[in-house]
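Shown below: work-v9.csv, with CSV, N, CA and C atoms and all ligand atoms.
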chain,number,residue,atom,x,y,z
A,68,MET,N,135.5,47.3,62.5
A,68,MET,CA,135.5,48.7,62.7
A,68,MET,C,134.2,49.2,63.4
A,69,LYS,N,133.1,48.7,62.8
A,69,LYS,CA,131.8,49.0,63.4
A,69,LYS,C,131.7,48.7,64.9
A,70,LYS,N,132.3,47.5,65.2
A,70,LYS,CA,132.3,47.0,66.6
A,70,LYS,C,133.1,47.9,67.5
A,71,ILE,N,134.2,48.4,67.0
A,71,ILE,CA,135.0,49.3,67.8
A,71,ILE,C,134.3,50.6,68.1
A,72,VAL,N,133.6,51.1,67.0
A,72,VAL,CA,132.9,52.4,67.2
A,72,VAL,C,131.8,52.1,68.2
A,73,ALA,N,131.1,51.0,68.1
A,73,ALA,CA,130.0,50.7,69.0
A,73,ALA,C,130.5,50.6,70.4
A,74,LEU,N,131.7,50.0,70.6
A,74,LEU,CA,132.3,49.9,71.9
A,74,LEU,C,132.6,51.2,72.5
A,75,LEU,N,133.2,52.1,71.6
A,75,LEU,CA,133.6,53.4,72.1
A,75,LEU,C,132.3,54.2,72.5
A,76,VAL,N,131.3,54.1,71.7
A,76,VAL,CA,130.1,54.8,72.1
A,76,VAL,C,129.5,54.3,73.4
A,77,THR,N,129.6,53.0,73.6
A,77,THR,CA,129.1,52.4,74.9
A,77,THR,C,129.9,52.9,76.1
A,78,ILE,N,131.2,53.0,75.9
A,78,ILE,CA,132.1,53.4,76.9
A,78,ILE,C,131.8,54.9,77.3
A,79,LEU,N,131.7,55.7,76.2
A,79,LEU,CA,131.3,57.1,76.4
A,79,LEU,C,130.0,57.3,77.2
A,80,ALA,N,129.0,56.5,76.8
A,80,ALA,CA,127.7,56.6,77.4
A,80,ALA,C,127.8,56.2,78.8
A,81,LEU,N,128.5,55.2,79.1
A,81,LEU,CA,128.6,54.7,80.5
A,81,LEU,C,129.3,55.8,81.4
A,82,ASN,N,130.4,56.3,80.8
A,82,ASN,CA,131.2,57.3,81.5
A,82,ASN,C,130.3,58.5,81.8
A,83,PHE,N,129.5,58.9,80.8
A,83,PHE,CA,128.6,60.0,81.0
A,83,PHE,C,127.6,59.8,82.1
A,84,SER,N,127.0,58.6,82.2
A,84,SER,CA,126.0,58.4,83.2
A,84,SER,C,126.7,58.3,84.6
A,85,VAL,N,127.9,57.8,84.7
A,85,VAL,CA,128.6,57.8,85.9
A,85,VAL,C,128.8,59.2,86.4
A,86,ASN,N,129.3,60.1,85.5
A,86,ASN,CA,129.5,61.5,85.9
A,86,ASN,C,128.2,62.1,86.3
A,87,ALA,N,127.1,61.8,85.6
A,87,ALA,CA,125.8,62.4,86.0
A,87,ALA,C,125.4,62.0,87.4
A,88,GLN,N,125.7,60.8,87.7
A,88,GLN,CA,125.4,60.2,89.0
A,88,GLN,C,126.2,61.0,90.1
A,89,ALA,N,127.4,61.2,89.8
A,89,ALA,CA,128.3,61.8,90.8
A,89,ALA,C,127.9,63.2,91.1
A,90,ASN,N,127.3,63.9,90.1
A,90,ASN,CA,126.9,65.3,90.3
A,90,ASN,C,125.5,65.4,90.7
A,91,LYS,N,124.9,64.3,91.1
A,91,LYS,CA,123.4,64.4,91.4
A,91,LYS,C,123.2,65.2,92.7
A,92,THR,N,122.2,66.1,92.6
A,92,THR,CA,121.9,66.8,93.8
A,92,THR,C,120.4,66.6,94.2
A,93,GLU,N,120.1,66.9,95.4
A,93,GLU,CA,118.7,66.9,95.8
A,93,GLU,C,118.4,68.2,96.4
A,94,GLU,N,117.1,68.4,96.5
A,94,GLU,CA,116.6,69.7,97.1
A,94,GLU,C,115.6,69.4,98.2
A,95,VAL,N,115.8,70.2,99.3
A,95,VAL,CA,114.8,70.0,100.4
A,95,VAL,C,114.4,71.4,100.8
A,96,LYS,N,113.2,71.4,101.5
A,96,LYS,CA,112.7,72.7,102.0
A,96,LYS,C,112.3,72.5,103.5
A,97,PHE,N,112.8,73.4,104.3
A,97,PHE,CA,112.4,73.4,105.7
A,97,PHE,C,111.8,74.7,106.1
A,98,LYS,N,110.8,74.6,107.0
A,98,LYS,CA,110.2,75.8,107.6
A,98,LYS,C,111.2,76.3,108.7
A,99,THR,N,111.5,77.5,108.7
A,99,THR,CA,112.5,78.1,109.7
A,99,THR,C,111.8,79.1,110.5
A,100,SER,N,112.5,79.6,111.6
A,100,SER,CA,112.0,80.6,112.4
A,100,SER,C,112.6,82.0,112.1
A,101,ALA,N,113.1,82.1,110.8
A,101,ALA,CA,113.7,83.4,110.4
A,101,ALA,C,112.7,84.5,110.5
A,102,LYS,N,113.2,85.7,110.7
A,102,LYS,CA,112.3,86.9,110.9
A,102,LYS,C,112.5,87.9,109.8
A,103,CYS,N,113.7,88.1,109.4
A,103,CYS,CA,114.0,89.3,108.6
A,103,CYS,C,115.1,89.1,107.6
A,104,SER,N,115.5,90.2,106.9
A,104,SER,CA,116.6,90.0,105.9
A,104,SER,C,117.9,89.7,106.5
A,105,MET,N,118.1,90.1,107.8
A,105,MET,CA,119.4,89.7,108.5
A,105,MET,C,119.4,88.2,108.7
A,106,CYS,N,118.3,87.7,109.1
A,106,CYS,CA,118.2,86.2,109.2
A,106,CYS,C,118.5,85.5,107.9
A,107,LYS,N,117.9,86.0,106.9
A,107,LYS,CA,118.0,85.5,105.5
A,107,LYS,C,119.5,85.5,105.2
A,108,ALA,N,120.2,86.6,105.4
A,108,ALA,CA,121.6,86.7,105.0
A,108,ALA,C,122.4,85.8,105.9
A,109,ARG,N,122.1,85.6,107.1
A,109,ARG,CA,122.8,84.8,108.1
A,109,ARG,C,122.7,83.3,107.7
A,110,ILE,N,121.4,82.9,107.4
A,110,ILE,CA,121.2,81.5,107.1
A,110,ILE,C,121.8,81.1,105.7
A,111,GLU,N,121.6,82.0,104.8
A,111,GLU,CA,122.1,81.7,103.4
A,111,GLU,C,123.6,81.8,103.4
A,112,GLY,N,124.2,82.7,104.2
A,112,GLY,CA,125.7,82.8,104.3
A,112,GLY,C,126.3,81.6,104.9
A,113,ASP,N,125.8,81.2,106.1
A,113,ASP,CA,126.4,80.1,106.9
A,113,ASP,C,126.1,78.8,106.2
A,114,MET,N,124.9,78.6,105.7
A,114,MET,CA,124.6,77.3,105.1
A,114,MET,C,125.3,77.2,103.8
A,115,GLY,N,125.4,78.3,103.1
A,115,GLY,CA,126.1,78.3,101.8
A,115,GLY,C,127.5,77.9,101.8
A,116,LYS,N,128.1,78.1,103.0
A,116,LYS,CA,129.6,77.7,103.2
A,116,LYS,C,129.7,76.3,103.7
A,117,SER,N,128.6,75.7,104.1
A,117,SER,CA,128.7,74.4,104.7
A,117,SER,C,128.9,73.2,103.7
A,118,ALA,N,129.6,72.2,104.1
A,118,ALA,CA,130.0,71.1,103.2
A,118,ALA,C,128.8,70.4,102.6
A,119,GLY,N,128.9,70.2,101.3
A,119,GLY,CA,127.9,69.4,100.6
A,119,GLY,C,126.7,70.3,100.1
A,120,VAL,N,126.7,71.5,100.5
A,120,VAL,CA,125.6,72.4,100.1
A,120,VAL,C,125.9,73.2,98.8
A,121,LYS,N,125.0,73.1,97.8
A,121,LYS,CA,125.3,73.7,96.5
A,121,LYS,C,124.6,75.1,96.5
A,122,SER,N,123.4,75.2,97.0
A,122,SER,CA,122.8,76.5,97.0
A,122,SER,C,121.7,76.6,98.1
A,123,VAL,N,121.5,77.8,98.6
A,123,VAL,CA,120.6,78.0,99.7
A,123,VAL,C,119.8,79.3,99.4
A,124,LYS,N,118.5,79.2,99.5
A,124,LYS,CA,117.6,80.3,99.3
A,124,LYS,C,116.5,80.4,100.3
A,125,LEU,N,116.5,81.5,101.1
A,125,LEU,CA,115.4,81.6,102.1
A,125,LEU,C,114.3,82.5,101.6
A,126,ASN,N,113.1,82.1,101.6
A,126,ASN,CA,112.0,82.9,101.2
A,126,ASN,C,111.4,83.6,102.4
A,127,LEU,N,111.5,84.9,102.4
A,127,LEU,CA,111.0,85.6,103.6
A,127,LEU,C,109.5,85.7,103.7
A,128,ASP,N,108.8,85.4,102.6
A,128,ASP,CA,107.3,85.4,102.7
A,128,ASP,C,106.8,84.3,103.5
A,129,ASP,N,107.3,83.1,103.3
A,129,ASP,CA,106.8,81.9,104.1
A,129,ASP,C,107.9,81.3,105.0
A,130,LYS,N,109.1,82.0,105.1
A,130,LYS,CA,110.2,81.6,106.0
A,130,LYS,C,110.7,80.2,105.7
A,131,THR,N,110.5,79.7,104.5
A,131,THR,CA,111.1,78.4,104.2
A,131,THR,C,112.4,78.6,103.5
A,132,VAL,N,113.3,77.6,103.8
A,132,VAL,CA,114.6,77.7,103.2
A,132,VAL,C,114.7,76.5,102.2
A,133,SER,N,115.1,76.7,101.0
A,133,SER,CA,115.3,75.7,100.0
A,133,SER,C,116.8,75.4,99.9
A,134,ILE,N,117.2,74.2,100.1
A,134,ILE,CA,118.6,73.9,100.0
A,134,ILE,C,118.9,72.8,99.0
A,135,VAL,N,119.8,73.1,98.0
A,135,VAL,CA,120.2,72.1,97.0
A,135,VAL,C,121.5,71.5,97.6
A,136,TYR,N,121.6,70.2,97.7
A,136,TYR,CA,122.8,69.6,98.4
A,136,TYR,C,123.2,68.3,97.7
A,137,ASN,N,124.4,67.9,98.0
A,137,ASN,CA,124.9,66.6,97.5
A,137,ASN,C,124.6,65.5,98.5
A,138,PRO,N,123.7,64.6,98.2
A,138,PRO,CA,123.3,63.6,99.2
A,138,PRO,C,124.4,62.6,99.6
A,139,LYS,N,125.5,62.7,98.9
A,139,LYS,CA,126.6,61.8,99.3
A,139,LYS,C,127.4,62.5,100.4
A,140,LYS,N,127.3,63.8,100.5
A,140,LYS,CA,128.1,64.5,101.5
A,140,LYS,C,127.3,64.9,102.8
A,141,VAL,N,126.0,65.1,102.6
A,141,VAL,CA,125.3,65.5,103.8
A,141,VAL,C,123.8,65.0,103.6
A,142,ASN,N,123.1,64.8,104.7
A,142,ASN,CA,121.7,64.4,104.6
A,142,ASN,C,120.8,65.4,105.3
A,143,LYS,N,119.5,65.2,105.1
A,143,LYS,CA,118.5,66.2,105.5
A,143,LYS,C,118.6,66.5,107.0
A,144,ASP,N,118.8,65.4,107.8
A,144,ASP,CA,118.8,65.7,109.3
A,144,ASP,C,120.0,66.5,109.7
A,145,GLU,N,121.1,66.3,109.0
A,145,GLU,CA,122.3,67.0,109.3
A,145,GLU,C,122.1,68.5,108.9
A,146,LEU,N,121.4,68.7,107.8
A,146,LEU,CA,121.1,70.1,107.3
A,146,LEU,C,120.3,70.8,108.4
A,147,LYS,N,119.3,70.1,108.9
A,147,LYS,CA,118.4,70.7,109.9
A,147,LYS,C,119.2,71.0,111.2
A,148,THR,N,120.1,70.1,111.6
A,148,THR,CA,120.9,70.3,112.7
A,148,THR,C,121.8,71.6,112.5
A,149,ARG,N,122.3,71.7,111.3
A,149,ARG,CA,123.2,72.9,111.1
A,149,ARG,C,122.4,74.2,111.2
A,150,ILE,N,121.2,74.2,110.7
A,150,ILE,CA,120.3,75.4,110.8
A,150,ILE,C,120.0,75.7,112.3
A,151,SER,N,119.8,74.6,113.1
A,151,SER,CA,119.6,74.8,114.5
A,151,SER,C,120.8,75.4,115.2
A,152,LYS,N,121.9,75.0,114.7
A,152,LYS,CA,123.2,75.5,115.3
A,152,LYS,C,123.4,77.0,115.0
A,153,ILE,N,122.8,77.5,113.9
A,153,ILE,CA,122.9,78.9,113.6
A,153,ILE,C,121.9,79.7,114.5
A,154,GLY,N,120.9,79.0,115.0
A,154,GLY,CA,120.0,79.6,115.9
A,154,GLY,C,118.5,79.6,115.5
A,155,TYR,N,118.2,78.8,114.5
A,155,TYR,CA,116.9,78.8,113.9
A,155,TYR,C,116.2,77.4,114.0
A,156,ASP,N,114.9,77.4,114.1
A,156,ASP,CA,114.2,76.1,114.0
A,156,ASP,C,114.3,75.7,112.5
A,157,ALA,N,114.3,74.4,112.3
A,157,ALA,CA,114.2,73.8,110.9
A,157,ALA,C,113.2,72.7,111.0
A,158,ASP,N,112.0,72.9,110.5
A,158,ASP,CA,110.9,71.9,110.7
A,158,ASP,C,110.8,71.5,112.2
A,159,GLU,N,110.9,70.2,112.5
A,159,GLU,CA,110.7,69.8,113.9
A,159,GLU,C,111.9,70.0,114.8
A,160,VAL,N,113.1,70.3,114.2
A,160,VAL,CA,114.3,70.5,114.9
A,160,VAL,C,114.3,71.9,115.5
A,161,VAL,N,114.3,72.0,116.8
A,161,VAL,CA,114.3,73.3,117.5
A,161,VAL,C,115.6,73.9,117.5
A,162,ALA,N,115.7,75.3,117.4
A,162,ALA,CA,116.9,76.0,117.4
A,162,ALA,C,117.7,75.7,118.6
A,163,ASN,N,119.0,75.6,118.4
A,163,ASN,CA,120.0,75.5,119.5
A,163,ASN,C,119.8,76.8,120.4
A,164,GLN,N,119.5,76.6,121.7
A,164,GLN,CA,119.1,77.7,122.5
A,164,GLN,C,120.2,78.7,122.7
A,165,LYS,N,121.4,78.2,122.8
A,165,LYS,CA,122.6,79.2,123.0
A,165,LYS,C,122.8,80.0,121.7
A,166,SER,N,122.7,79.4,120.6
A,166,SER,CA,122.9,80.1,119.3
A,166,SER,C,121.7,81.1,119.1
A,167,HIS,N,120.5,80.6,119.4
A,167,HIS,CA,119.3,81.5,119.3
A,167,HIS,C,119.5,82.7,120.2
A,168,ASP,N,119.9,82.5,121.5
A,168,ASP,CA,120.0,83.7,122.4
A,168,ASP,C,121.1,84.6,122.0
A,169,ALA,N,122.0,84.2,121.2
A,169,ALA,CA,123.1,85.1,120.8
A,169,ALA,C,122.7,85.9,119.5
A,170,LEU,N,121.6,85.6,118.9
A,170,LEU,CA,121.1,86.4,117.8
A,170,LEU,C,120.7,87.8,118.2
A,171,PRO,N,120.7,88.8,117.3
A,171,PRO,CA,120.2,90.1,117.7
A,171,PRO,C,118.7,89.9,118.1
A,172,SER,N,118.2,90.8,119.0
A,172,SER,CA,116.9,90.6,119.5
A,172,SER,C,115.8,90.6,118.4
A,173,CYS,N,116.0,91.3,117.4
A,173,CYS,CA,115.0,91.4,116.3
A,173,CYS,C,114.9,90.1,115.5
A,174,CYS,N,115.9,89.2,115.7
A,174,CYS,CA,115.9,88.0,115.0
A,174,CYS,C,115.5,86.8,115.8
A,175,GLN,N,115.2,87.1,117.1
A,175,GLN,CA,114.8,86.0,118.0
A,175,GLN,C,113.3,85.6,117.8
A,176,LYS,N,113.0,84.4,118.2
A,176,LYS,CA,111.6,83.9,117.9
A,176,LYS,C,110.5,84.8,118.4
A,177,ASP,N,110.7,85.4,119.6
A,177,ASP,CA,109.6,86.2,120.1
A,177,ASP,C,109.6,87.6,119.6
A,178,ALA,N,110.5,87.9,118.6
A,178,ALA,CA,110.5,89.3,118.0
A,178,ALA,C,109.2,89.4,117.1
A,179,LYS,N,108.7,90.6,117.0
A,179,LYS,CA,107.5,90.8,116.2
A,179,LYS,C,107.9,90.6,114.7
A,180,ALA,N,107.0,90.1,113.9
A,180,ALA,CA,107.3,90.0,112.4
A,180,ALA,C,107.7,91.3,111.8
A,181,HIS,N,108.7,91.3,111.1
A,181,HIS,CA,109.1,92.5,110.4
A,181,HIS,C,110.0,92.1,109.2
A,182,MET,N,110.1,93.0,108.3
A,182,MET,CA,110.8,92.6,107.0
A,182,MET,C,112.3,93.0,107.0
A,183,ASP,N,112.7,93.8,107.8
A,183,ASP,CA,114.2,94.1,107.8
A,183,ASP,C,114.8,94.6,109.1
B,1,CU,CU,116.6,88.6,111.6
What do you get writing this file as structure tokens?
Ligand SMILES: [Cu+2]
Amino acid sequence: MKKIVALLVTILALNFSVNAQANKTEEVKFKTSAKCSMCKARIEGDMGKSAGVKSVKLNLDDKTVSIVYNPKKVNKDELKTRISKIGYDADEVVANQKSHDALPSCCQKDAKAHMD
């Protein structure tokens, strides 16, 4: 009986650790070329809907975006590319020019710093 209980406990523990592994997320931070709260809403909205992304938060004080993601579904470079496609720089990855030029003028890189 003791053995069976020990076995069950082992199985449960193993099962638990496998589940924990499957739900493992990582967090990255990129410097972006965001300008204002519209940029924040745009980046958080678009990235929030993209595959493998759990949460997105853009800090307008330092223009960094923090992304919690599932490393099995998406990687850092892909995340940067997705930000570029929205029209913003992400660290060394430069914004896709076409997407950038389609942003409202107040959100483009040469716009003066402003908060909304
Ligand atoms: Cu903006």
Contacts of A:Ser100 at 8 Å (only N, CA and C atoms; same-chain gap of 3+ positions) as an mmCIF file with N, CA and C atoms, keeping the file's coordinate frame:
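Ended up saving to selection05.cif:
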data_model
loop_
_atom_site.group_PDB
_atom_site.id
_atom_site.type_symbol
_atom_site.label_atom_id
_atom_site.label_comp_id
_atom_site.auth_asym_id
_atom_site.auth_seq_id
_atom_site.Cartn_x
_atom_site.Cartn_y
_atom_site.Cartn_z
ATOM 1 N N PHE A 97 112.800 73.400 104.300
ATOM 2 C CA PHE A 97 112.400 73.400 105.700
ATOM 3 C C PHE A 97 111.800 74.700 106.100
ATOM 4 N N CYS A 103 113.700 88.100 109.400
ATOM 5 C CA CYS A 103 114.000 89.300 108.600
ATOM 6 C C CYS A 103 115.100 89.100 107.600
ATOM 7 N N CYS A 106 118.300 87.700 109.100
ATOM 8 C CA CYS A 106 118.200 86.200 109.200
ATOM 9 C C CYS A 106 118.500 85.500 107.900
ATOM 10 N N LYS A 130 109.100 82.000 105.100
ATOM 11 C CA LYS A 130 110.200 81.600 106.000
ATOM 12 C C LYS A 130 110.700 80.200 105.700
ATOM 13 N N THR A 131 110.500 79.700 104.500
ATOM 14 C CA THR A 131 111.100 78.400 104.200
ATOM 15 C C THR A 131 112.400 78.600 103.500
ATOM 16 N N GLY A 154 120.900 79.000 115.000
ATOM 17 C CA GLY A 154 120.000 79.600 115.900
ATOM 18 C C GLY A 154 118.500 79.600 115.500
ATOM 19 N N TYR A 155 118.200 78.800 114.500
ATOM 20 C CA TYR A 155 116.900 78.800 113.900
ATOM 21 C C TYR A 155 116.200 77.400 114.000
ATOM 22 N N ASP A 156 114.900 77.400 114.100
ATOM 23 C CA ASP A 156 114.200 76.100 114.000
ATOM 24 C C ASP A 156 114.300 75.700 112.500
ATOM 25 N N ALA A 157 114.300 74.400 112.300
ATOM 26 C CA ALA A 157 114.200 73.800 110.900
ATOM 27 C C ALA A 157 113.200 72.700 111.000
ATOM 28 N N ASP A 158 112.000 72.900 110.500
ATOM 29 C CA ASP A 158 110.900 71.900 110.700
ATOM 30 C C ASP A 158 110.800 71.500 112.200
ATOM 31 N N ALA A 162 115.700 75.300 117.400
ATOM 32 C CA ALA A 162 116.900 76.000 117.400
ATOM 33 C C ALA A 162 117.700 75.700 118.600
ATOM 34 N N CYS A 174 115.900 89.200 115.700
ATOM 35 C CA CYS A 174 115.900 88.000 115.000
ATOM 36 C C CYS A 174 115.500 86.800 115.800
ATOM 37 N N GLN A 175 115.200 87.100 117.100
ATOM 38 C CA GLN A 175 114.800 86.000 118.000
ATOM 39 C C GLN A 175 113.300 85.600 117.800
ATOM 40 N N LYS A 176 113.000 84.400 118.200
ATOM 41 C CA LYS A 176 111.600 83.900 117.900
ATOM 42 C C LYS A 176 110.500 84.800 118.400
#
**Prompt:** How would you write, as a list in words, the set of residues no farther than 8 Å from ligand CU 1 (chain B) when counting all atoms listed in the file?
**Reply:**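 So, counting all atoms listed in the file, the residues near ligand CU 1 (chain B) are Ser100, Ala101, Lys102, Cys103, Ser104, Met105, Cys106, Lys107, Ala108, Arg109, Leu170, Pro171, Ser172, Cys173, Cys174, Gln175, His181, Met182 and Asp183 of chain A.
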**Asked** What gap, in Å, lies between atom CA of A:Asp177 and atom CA of A:Asp128?
**Response**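 Atom CA of A:Asp177 sits 17.6 Å away from atom CA of A:Asp128.
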**Message:** Taking only C-alpha atoms into account, name the residue in A:Pro138, A:Lys179, A:Glu94, A:Ile153 that is nearest to A:Glu111.
**Reply:** A:Ile153
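Atom pair atom CA of A:Asn126 / atom CA of A:Lys139: separated by 25.7 Å.
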**Item:** One-decimal distance in Å that lies between atom C of A:Thr148 and atom C of A:Lys165
**Value:**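 Answer for the atom C of A:Lys165 to atom C of A:Thr148 separation: 12.5 Å.
Minimum atom-to-atom distances from A:Ile110, A:Lys116, A:Lys96, A:Ser166 to A:Ile134 were compared using all atoms listed in the file, and the lowest value belongs to A:Lys96.
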**Request:** May I ask which of the residues A:Arg149, A:Asn142, A:Asn90, A:Tyr136 is the closest one to A:Asp113, counting all atoms listed in the file?
**Result:**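 Under the stated criterion, the closest residue is A:Arg149.
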Among stretch 81-160 of chain A, which ones does DSSP assign to strand (DSSP E) (computed from the backbone)? Answer as a JSON list (two decimals) with N, CA and C atoms, in the frame of the given file.
[["chain", "number", "residue", "atom", "x", "y", "z"],
["A", 93, "GLU", "N", 120.10, 66.90, 95.40],
["A", 93, "GLU", "CA", 118.70, 66.90, 95.80],
["A", 93, "GLU", "C", 118.40, 68.20, 96.40],
["A", 94, "GLU", "N", 117.10, 68.40, 96.50],
["A", 94, "GLU", "CA", 116.60, 69.70, 97.10],
["A", 94, "GLU", "C", 115.60, 69.40, 98.20],
["A", 95, "VAL", "N", 115.80, 70.20, 99.30],
["A", 95, "VAL", "CA", 114.80, 70.00, 100.40],
["A", 95, "VAL", "C", 114.40, 71.40, 100.80],
["A", 96, "LYS", "N", 113.20, 71.40, 101.50],
["A", 96, "LYS", "CA", 112.70, 72.70, 102.00],
["A", 96, "LYS", "C", 112.30, 72.50, 103.50],
["A", 97, "PHE", "N", 112.80, 73.40, 104.30],
["A", 97, "PHE", "CA", 112.40, 73.40, 105.70],
["A", 97, "PHE", "C", 111.80, 74.70, 106.10],
["A", 98, "LYS", "N", 110.80, 74.60, 107.00],
["A", 98, "LYS", "CA", 110.20, 75.80, 107.60],
["A", 98, "LYS", "C", 111.20, 76.30, 108.70],
["A", 120, "VAL", "N", 126.70, 71.50, 100.50],
["A", 120, "VAL", "CA", 125.60, 72.40, 100.10],
["A", 120, "VAL", "C", 125.90, 73.20, 98.80],
["A", 121, "LYS", "N", 125.00, 73.10, 97.80],
["A", 121, "LYS", "CA", 125.30, 73.70, 96.50],
["A", 121, "LYS", "C", 124.60, 75.10, 96.50],
["A", 122, "SER", "N", 123.40, 75.20, 97.00],
["A", 122, "SER", "CA", 122.80, 76.50, 97.00],
["A", 122, "SER", "C", 121.70, 76.60, 98.10],
["A", 123, "VAL", "N", 121.50, 77.80, 98.60],
["A", 123, "VAL", "CA", 120.60, 78.00, 99.70],
["A", 123, "VAL", "C", 119.80, 79.30, 99.40],
["A", 124, "LYS", "N", 118.50, 79.20, 99.50],
["A", 124, "LYS", "CA", 117.60, 80.30, 99.30],
["A", 124, "LYS", "C", 116.50, 80.40, 100.30],
["A", 125, "LEU", "N", 116.50, 81.50, 101.10],
["A", 125, "LEU", "CA", 115.40, 81.60, 102.10],
["A", 125, "LEU", "C", 114.30, 82.50, 101.60],
["A", 126, "ASN", "N", 113.10, 82.10, 101.60],
["A", 126, "ASN", "CA", 112.00, 82.90, 101.20],
["A", 126, "ASN", "C", 111.40, 83.60, 102.40],
["A", 131, "THR", "N", 110.50, 79.70, 104.50],
["A", 131, "THR", "CA", 111.10, 78.40, 104.20],
["A", 131, "THR", "C", 112.40, 78.60, 103.50],
["A", 132, "VAL", "N", 113.30, 77.60, 103.80],
["A", 132, "VAL", "CA", 114.60, 77.70, 103.20],
["A", 132, "VAL", "C", 114.70, 76.50, 102.20],
["A", 133, "SER", "N", 115.10, 76.70, 101.00],
["A", 133, "SER", "CA", 115.30, 75.70, 100.00],
["A", 133, "SER", "C", 116.80, 75.40, 99.90],
["A", 134, "ILE", "N", 117.20, 74.20, 100.10],
["A", 134, "ILE", "CA", 118.60, 73.90, 100.00],
["A", 134, "ILE", "C", 118.90, 72.80, 99.00],
["A", 135, "VAL", "N", 119.80, 73.10, 98.00],
["A", 135, "VAL", "CA", 120.20, 72.10, 97.00],
["A", 135, "VAL", "C", 121.50, 71.50, 97.60],
["A", 136, "TYR", "N", 121.60, 70.20, 97.70],
["A", 136, "TYR", "CA", 122.80, 69.60, 98.40],
["A", 136, "TYR", "C", 123.20, 68.30, 97.70]]
**Asked** Could you pull out the helix (DSSP H, G or I) residues of chain A from DSSP and send them as JSON, numbers by chain?
**Response** {"A": [69, 70, 71, 72, 73, 74, 75, 76, 77, 78, 79, 80, 81, 82, 83, 84, 85, 86, 87, 88, 89, 104, 105, 106, 107, 108, 109, 110, 111, 112, 113, 114, 115, 143, 144, 145, 146, 147, 148, 149, 150, 151, 152, 153, 164, 165, 166, 167, 168, 172, 173, 174]}
